[in-house]
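Before any comments, here is the structure.
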Amino acid sequence: MFSFRVQKKLGNARLSELTTPHGNISGPFFQFVATQGAIRGQVMSEDMEKLGADIMLANTYHLHMRPGEDTIANAGGLHKFMHWDKPLTTDSGGYQVFSLGQHVKIDTDGVTFQSPLDGSSHRFTPEITMQIQAKLGPDIVMPLDVCTPFSAGREEVEKAIALSTQWAKRCKEELIKSSAGLPAGRQGLYGIIQGGVFPDLREKAAQELREIGFFGYSIGGELQEKGEKEIKKIVRITTAQIPEDAPRYLMGYGKPEDIVEAVRLGIDQFDCVLPIRNARHGQIFFNLNKEELTKYLQDSEYLIDPKKLYTMIDITKSVFASDKSIFAPNN
RNA sequence: CCGGGGAUGGCAGAUCGGCUAUGCAAGGGACUGUAAAUCCCUCAAGAUAGGUUCAACUCCUAUUCCCCGGA
């Protein structure tokens, strides 16, 4: 029921097909972030479908906080809850370990969140996140991990890897356990490779996860901060550590030109809040000069023709576009 | 006509005898597994004419306009 196949290669870039219980996706693909089960800004799932989105990403942590996984399970699962029949991913809450910083206490067994909303305390262990995700029922599930900031030093990163790897293993065991009686291959679990900006640690983390064995592998950690060369290097080195026949997922990466670059390096899967957030904040990604943009925004006929605006979906496939590689920084 | 109250950026709306907030709008920037329908920056004002004062958006007088009440 769950499978991944590389169909064509162009250098390191891959054209692929991911099969899930909710249909197939052609990769590289971009996951739109619907944290709380909906794209923010009054965007309906139906709208996303019309726009051509083929997969969305929701968040275990947020959905656990409200409305709670049981509520969603009672509503028929996350797909029904979201009015979304296509493939769906849930992140584990690992990113919140990083983004909620001071509200989180990490120990070897799991993490304790202090809700920024009401101060209430919530416990996440690898097992708990998998149980929640089992109830939510998305196709792709992520293990609880420790996401480190860009500036994290070697020691901090080593600790994060140790926990993330151990937790990923526990997540895998829990998935197998909780899947007993359920159709095999209902959910695909990824291993998240941490390692900060240290190439050798990235390699080590990848190797350990490979030994455990996951359906897919993702590159995690806060990478999006200046130092482009370094980031590119990390992505290249880490990508090379991921088996050819597994999907490679670069987490939280979303600048159009960066996506193209990452596709070139062999990444198949993306997610990012950037396009949705920026749109909500009044910014669009366009491929027009100022004059054309002005015309675009004023001329209703222009508005009907979306050729000159592009979406993340276009971008992830752009490397394979036969001509006019407008997104290519280096050509 | 009489009495009372007003007049501050494009709009709304405070304060103050010496530096005029703030919100919206407008323009710019940021945002990367969402504590973000958010955050940062910029633009831009004292109805008109006099007077008092070292100094007036602020106090005084007149004019114009607006609002409320009464004939």
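Ordering of the structure tokens sets the chain letters (A, B, ...); residue numbers start at 1 within each chain; ligands are numbered from 1 in the order shown.
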Contact residues around segment 37-40 of chain B with only C-alpha atoms (C1' of nucleotides) at 12 Å, ignoring same-chain residues under 6 positions, as JSON, numbers by chain
{"A": [39, 40, 41, 42, 43, 276, 277, 278, 279, 280, 281, 282], "B": [28, 29, 30, 31]}
Output N, CA and C atoms (P, O5', C5', C4', C3', O3' and C1' of nucleotides) for every residue in that selection, as a PDB file, in the first residue's frame.
```
ATOM      1  N   ILE A  39      -5.374  25.238   6.364  1.00  0.00           N
ATOM      2  CA  ILE A  39      -4.457  26.286   5.940  1.00  0.00           C
ATOM      3  C   ILE A  39      -4.949  27.577   6.589  1.00  0.00           C
ATOM      4  N   ARG A  40      -4.077  28.278   7.225  1.00  0.00           N
ATOM      5  CA  ARG A  40      -4.490  29.526   7.879  1.00  0.00           C
ATOM      6  C   ARG A  40      -4.975  30.537   6.847  1.00  0.00           C
ATOM      7  N   GLY A  41      -5.825  31.424   7.330  1.00  0.00           N
ATOM      8  CA  GLY A  41      -6.275  32.493   6.446  1.00  0.00           C
ATOM      9  C   GLY A  41      -7.522  32.129   5.664  1.00  0.00           C
ATOM     10  N   GLN A  42      -8.383  31.316   6.255  1.00  0.00           N
ATOM     11  CA  GLN A  42      -9.669  30.989   5.640  1.00  0.00           C
ATOM     12  C   GLN A  42      -9.531  30.356   4.274  1.00  0.00           C
ATOM     13  N   VAL A  43      -8.515  29.530   4.141  1.00  0.00           N
ATOM     14  CA  VAL A  43      -8.344  28.794   2.894  1.00  0.00           C
ATOM     15  C   VAL A  43      -8.908  27.387   3.111  1.00  0.00           C
ATOM     16  N   ILE A 276       2.448  30.024   2.422  1.00  0.00           N
ATOM     17  CA  ILE A 276       1.149  30.333   3.013  1.00  0.00           C
ATOM     18  C   ILE A 276       1.249  31.564   3.907  1.00  0.00           C
ATOM     19  N   ARG A 277       2.281  31.601   4.701  1.00  0.00           N
ATOM     20  CA  ARG A 277       2.429  32.734   5.617  1.00  0.00           C
ATOM     21  C   ARG A 277       2.677  34.024   4.848  1.00  0.00           C
ATOM     22  N   ASN A 278       3.569  33.953   3.909  1.00  0.00           N
ATOM     23  CA  ASN A 278       3.857  35.168   3.146  1.00  0.00           C
ATOM     24  C   ASN A 278       2.642  35.659   2.372  1.00  0.00           C
ATOM     25  N   ALA A 279       1.883  34.726   1.850  1.00  0.00           N
ATOM     26  CA  ALA A 279       0.668  35.124   1.139  1.00  0.00           C
ATOM     27  C   ALA A 279      -0.259  35.843   2.107  1.00  0.00           C
ATOM     28  N   ARG A 280      -0.367  35.290   3.296  1.00  0.00           N
ATOM     29  CA  ARG A 280      -1.241  35.896   4.291  1.00  0.00           C
ATOM     30  C   ARG A 280      -0.713  37.258   4.727  1.00  0.00           C
ATOM     31  N   HIS A 281       0.601  37.403   4.651  1.00  0.00           N
ATOM     32  CA  HIS A 281       1.217  38.674   5.027  1.00  0.00           C
ATOM     33  C   HIS A 281       1.357  39.604   3.834  1.00  0.00           C
ATOM     34  N   GLY A 282       0.690  39.260   2.768  1.00  0.00           N
ATOM     35  CA  GLY A 282       0.626  40.172   1.637  1.00  0.00           C
ATOM     36  C   GLY A 282       1.772  40.085   0.659  1.00  0.00           C
TER      37      GLY A 282
ATOM     38  P     G B  28       5.550  49.274  -1.772  1.00  0.00           P
ATOM     39  O5'   G B  28       6.734  49.180  -0.715  1.00  0.00           O
ATOM     40  C5'   G B  28       8.045  49.576  -1.100  1.00  0.00           C
ATOM     41  C4'   G B  28       8.971  49.541   0.084  1.00  0.00           C
ATOM     42  C3'   G B  28       9.283  48.170   0.641  1.00  0.00           C
ATOM     43  O3'   G B  28      10.231  47.455  -0.130  1.00  0.00           O
ATOM     44  C1'   G B  28       8.846  49.639   2.420  1.00  0.00           C
ATOM     45  P     G B  29      10.097  45.866  -0.220  1.00  0.00           P
ATOM     46  O5'   G B  29      10.714  45.386   1.172  1.00  0.00           O
ATOM     47  C5'   G B  29      12.037  45.725   1.524  1.00  0.00           C
ATOM     48  C4'   G B  29      12.295  45.370   2.961  1.00  0.00           C
ATOM     49  C3'   G B  29      12.048  43.927   3.351  1.00  0.00           C
ATOM     50  O3'   G B  29      13.108  43.082   2.973  1.00  0.00           O
ATOM     51  C1'   G B  29      11.129  45.337   4.997  1.00  0.00           C
ATOM     52  P     A B  30      12.757  41.551   2.660  1.00  0.00           P
ATOM     53  O5'   A B  30      12.508  40.943   4.118  1.00  0.00           O
ATOM     54  C5'   A B  30      13.554  40.913   5.064  1.00  0.00           C
ATOM     55  C4'   A B  30      13.024  40.531   6.416  1.00  0.00           C
ATOM     56  C3'   A B  30      12.471  39.114   6.519  1.00  0.00           C
ATOM     57  O3'   A B  30      13.525  38.200   6.741  1.00  0.00           O
ATOM     58  C1'   A B  30      11.011  40.642   7.597  1.00  0.00           C
ATOM     59  P     C B  31      13.359  36.744   6.035  1.00  0.00           P
ATOM     60  O5'   C B  31      12.282  35.967   6.911  1.00  0.00           O
ATOM     61  C5'   C B  31      12.442  35.826   8.324  1.00  0.00           C
ATOM     62  C4'   C B  31      11.111  35.428   8.924  1.00  0.00           C
ATOM     63  C3'   C B  31      10.625  34.068   8.417  1.00  0.00           C
ATOM     64  O3'   C B  31      10.060  33.307   9.464  1.00  0.00           O
ATOM     65  C1'   C B  31       9.032  35.742   7.925  1.00  0.00           C
TER      66        C B  31
END
```
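Secondary structure of segment 100-271 of chain A, strand (DSSP E) only (DSSP, backbone atoms): Val104, Lys105, Ile106, Val111, Thr112, Phe113, Gln114, Ser121, His122, Arg123, Phe124, Ile140, Val141, Gly188, Leu189, Tyr190, Gly191, Ile192, Ile193, Gly216, Tyr217, Ser218, Ile219, Arg248, Tyr249, Leu250, Gln269, Phe270 and Asp271 of chain A.
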Can I get the residues of chain B within 7 Å of chain A, each with the closest pair of atoms and their distance in Å to one decimal, using only C-alpha atoms (C1' of nucleotides), sorted chain first then ascending number, as CSV?
```
residue,atom,partner,partner_atom,distance
B:U32,C1',A:Tyr253,CA,5.3
B:G33,C1',A:Gly252,CA,4.8
B:U34,C1',A:Val273,CA,6.6
B:A35,C1',A:Pro116,CA,6.1
B:A37,C1',A:Gly41,CA,6.0
```
Just to be explicit: take each residue in the selection above, keep N, CA and C atoms (P, O5', C5', C4', C3', O3' and C1' of nucleotides), and write the result as a PDB file, in the first residue's frame.
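Result file out26.pdb:
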```
ATOM      1  P     U B  32      10.893  32.124  10.123  1.00  0.00           P
ATOM      2  O5'   U B  32      10.810  30.956   9.035  1.00  0.00           O
ATOM      3  C5'   U B  32       9.522  30.405   8.690  1.00  0.00           C
ATOM      4  C4'   U B  32       9.755  29.145   7.878  1.00  0.00           C
ATOM      5  C3'   U B  32      10.693  28.144   8.565  1.00  0.00           C
ATOM      6  O3'   U B  32      10.221  26.801   8.478  1.00  0.00           O
ATOM      7  C1'   U B  32      11.535  28.784   6.430  1.00  0.00           C
ATOM      8  P     G B  33       8.814  26.413   9.128  1.00  0.00           P
ATOM      9  O5'   G B  33       8.260  24.996   8.711  1.00  0.00           O
ATOM     10  C5'   G B  33       9.123  23.875   8.878  1.00  0.00           C
ATOM     11  C4'   G B  33       8.226  22.686   9.042  1.00  0.00           C
ATOM     12  C3'   G B  33       7.571  22.623  10.417  1.00  0.00           C
ATOM     13  O3'   G B  33       6.232  23.128  10.312  1.00  0.00           O
ATOM     14  C1'   G B  33       8.890  20.687  10.028  1.00  0.00           C
ATOM     15  P     U B  34       5.217  22.988  11.728  1.00  0.00           P
ATOM     16  O5'   U B  34       5.576  24.320  12.533  1.00  0.00           O
ATOM     17  C5'   U B  34       5.510  25.600  11.896  1.00  0.00           C
ATOM     18  C4'   U B  34       5.206  26.633  12.949  1.00  0.00           C
ATOM     19  C3'   U B  34       4.010  26.155  13.841  1.00  0.00           C
ATOM     20  O3'   U B  34       4.277  26.006  15.235  1.00  0.00           O
ATOM     21  C1'   U B  34       3.448  28.125  12.488  1.00  0.00           C
ATOM     22  P     A B  35       4.985  27.005  16.258  1.00  0.00           P
ATOM     23  O5'   A B  35       4.027  27.121  17.530  1.00  0.00           O
ATOM     24  C5'   A B  35       4.317  28.004  18.571  1.00  0.00           C
ATOM     25  C4'   A B  35       3.220  29.014  18.675  1.00  0.00           C
ATOM     26  C3'   A B  35       3.512  30.273  17.833  1.00  0.00           C
ATOM     27  O3'   A B  35       2.508  30.549  16.869  1.00  0.00           O
ATOM     28  C1'   A B  35       3.191  30.799  20.168  1.00  0.00           C
ATOM     29  P     A B  37      -1.765  34.886  12.883  1.00  0.00           P
ATOM     30  O5'   A B  37      -2.024  36.271  12.160  1.00  0.00           O
ATOM     31  C5'   A B  37      -1.471  36.599  10.907  1.00  0.00           C
ATOM     32  C4'   A B  37      -2.503  37.397  10.161  1.00  0.00           C
ATOM     33  C3'   A B  37      -3.154  38.484  11.001  1.00  0.00           C
ATOM     34  O3'   A B  37      -2.410  39.668  10.930  1.00  0.00           O
ATOM     35  C1'   A B  37      -4.812  37.204   9.900  1.00  0.00           C
TER      36        A B  37
END
```
Could you check the closest approach to A62 of chain B for each of B:G50, B:G18, B:G23, B:G10 and tell me which residue wins, using only C-alpha atoms (C1' of nucleotides)?
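Smallest separation from A62 of chain B among the options: B:G50.
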Find the residues of segment 171-213 of chain A that sit at most 10 Å from segment 67-89 of chain A; for each, write down the nearest two atoms and how far apart they are in Å, to one decimal. Count only C-alpha atoms. Sort by chain, then by number going up, and give it as a Markdown table.
```
| residue | atom | partner | partner_atom | distance |
| --- | --- | --- | --- | --- |
| A:Gln187 | CA | A:Thr89 | CA | 9.3 |
| A:Gly188 | CA | A:Thr89 | CA | 9.2 |
| A:Leu189 | CA | A:Thr89 | CA | 9.9 |
```
So the first atom is atom CA of Ile132 of chain A and the second is atom CA of Gly119 of chain A; what is the distance between them in Å, to one decimal place?
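Value for the atom CA of Ile132 of chain A-atom CA of Gly119 of chain A distance: 21.0 Å.
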Polymer residues at most 12 Å from Glu17 of chain A, only C-alpha atoms (C1' of nucleotides), same-chain spacing of 3 or more positions, as number ranges by chain
A: 2-8, 14, 20, 23-29, 245-247, 268-269
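Proximity to Ala240 of chain A was assessed for A:Ala168, A:Ala53, A:Ala13, A:Ile212 counting only C-alpha atoms; the smallest distance is recorded for A:Ala13.
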Secondary structure check, alpha helix (DSSP H) residues of segment 64-219 of chain A, as a ChimeraX atom specification
/A:64-65,69-74,78-82,94-99,126-136,154-178,199-212
Keeping only C-alpha atoms, write those residues as a CSV table (one decimal), in the first residue's frame.
```csv
chain,number,residue,atom,x,y,z
A,64,HIS,CA,-3.4,17.2,20.4
A,65,MET,CA,-3.8,20.5,22.2
A,69,GLU,CA,-6.9,13.4,18.7
A,70,ASP,CA,-10.0,11.6,20.2
A,71,THR,CA,-12.3,14.3,18.9
A,72,ILE,CA,-10.7,14.0,15.4
A,73,ALA,CA,-10.8,10.2,15.6
A,74,ASN,CA,-14.5,10.4,16.5
A,78,LEU,CA,-7.9,13.7,10.2
A,79,HIS,CA,-8.7,13.3,6.5
A,80,LYS,CA,-12.4,13.7,7.1
A,81,PHE,CA,-11.8,16.4,9.6
A,82,MET,CA,-9.9,18.3,7.0
A,94,GLY,CA,9.5,17.8,17.3
A,95,TYR,CA,9.8,21.2,15.8
A,96,GLN,CA,7.9,22.6,18.8
A,97,VAL,CA,10.7,21.2,20.9
A,98,PHE,CA,12.8,23.8,19.2
A,99,SER,CA,10.3,26.6,18.5
A,126,PRO,CA,7.9,8.8,21.2
A,127,GLU,CA,5.2,6.3,21.9
A,128,ILE,CA,2.6,8.9,22.7
A,129,THR,CA,3.2,10.8,19.5
A,130,MET,CA,2.8,7.6,17.5
A,131,GLN,CA,-0.4,6.8,19.3
A,132,ILE,CA,-1.7,10.2,18.6
A,133,GLN,CA,-0.8,10.0,15.0
A,134,ALA,CA,-2.3,6.5,14.8
A,135,LYS,CA,-5.6,8.1,15.9
A,136,LEU,CA,-5.3,11.0,13.6
A,154,ARG,CA,28.7,20.4,18.5
A,155,GLU,CA,27.9,19.1,22.0
A,156,GLU,CA,24.2,20.2,21.8
A,157,VAL,CA,23.9,18.7,18.4
A,158,GLU,CA,25.4,15.4,19.5
A,159,LYS,CA,22.8,15.2,22.3
A,160,ALA,CA,20.0,16.0,19.9
A,161,ILE,CA,21.1,13.2,17.6
A,162,ALA,CA,21.4,10.7,20.4
A,163,LEU,CA,17.9,11.4,21.6
A,164,SER,CA,16.4,11.7,18.1
A,165,THR,CA,17.8,8.4,17.0
A,166,GLN,CA,16.8,6.5,20.1
A,167,TRP,CA,13.3,8.1,19.9
A,168,ALA,CA,13.0,7.3,16.2
A,169,LYS,CA,13.6,3.6,17.0
A,170,ARG,CA,11.0,3.7,19.7
A,171,CYS,CA,8.6,5.3,17.3
A,172,LYS,CA,9.2,2.6,14.8
A,173,GLU,CA,8.5,-0.1,17.4
A,174,GLU,CA,5.4,1.7,18.6
A,175,LEU,CA,4.1,2.0,15.0
A,176,ILE,CA,4.6,-1.8,14.5
A,177,LYS,CA,2.9,-2.5,17.8
A,178,SER,CA,0.0,-0.2,17.3
A,199,PRO,CA,28.9,17.2,8.2
A,200,ASP,CA,30.3,14.3,10.2
A,201,LEU,CA,27.5,14.3,12.6
A,202,ARG,CA,25.0,14.4,9.8
A,203,GLU,CA,26.6,11.3,8.4
A,204,LYS,CA,26.6,9.6,11.7
A,205,ALA,CA,23.0,10.4,12.3
A,206,ALA,CA,22.0,9.2,8.9
A,207,GLN,CA,23.9,6.0,9.3
A,208,GLU,CA,22.3,5.1,12.6
A,209,LEU,CA,18.8,5.8,11.2
A,210,ARG,CA,19.6,3.7,8.1
A,211,GLU,CA,20.5,0.8,10.3
A,212,ILE,CA,17.1,1.0,12.1
```
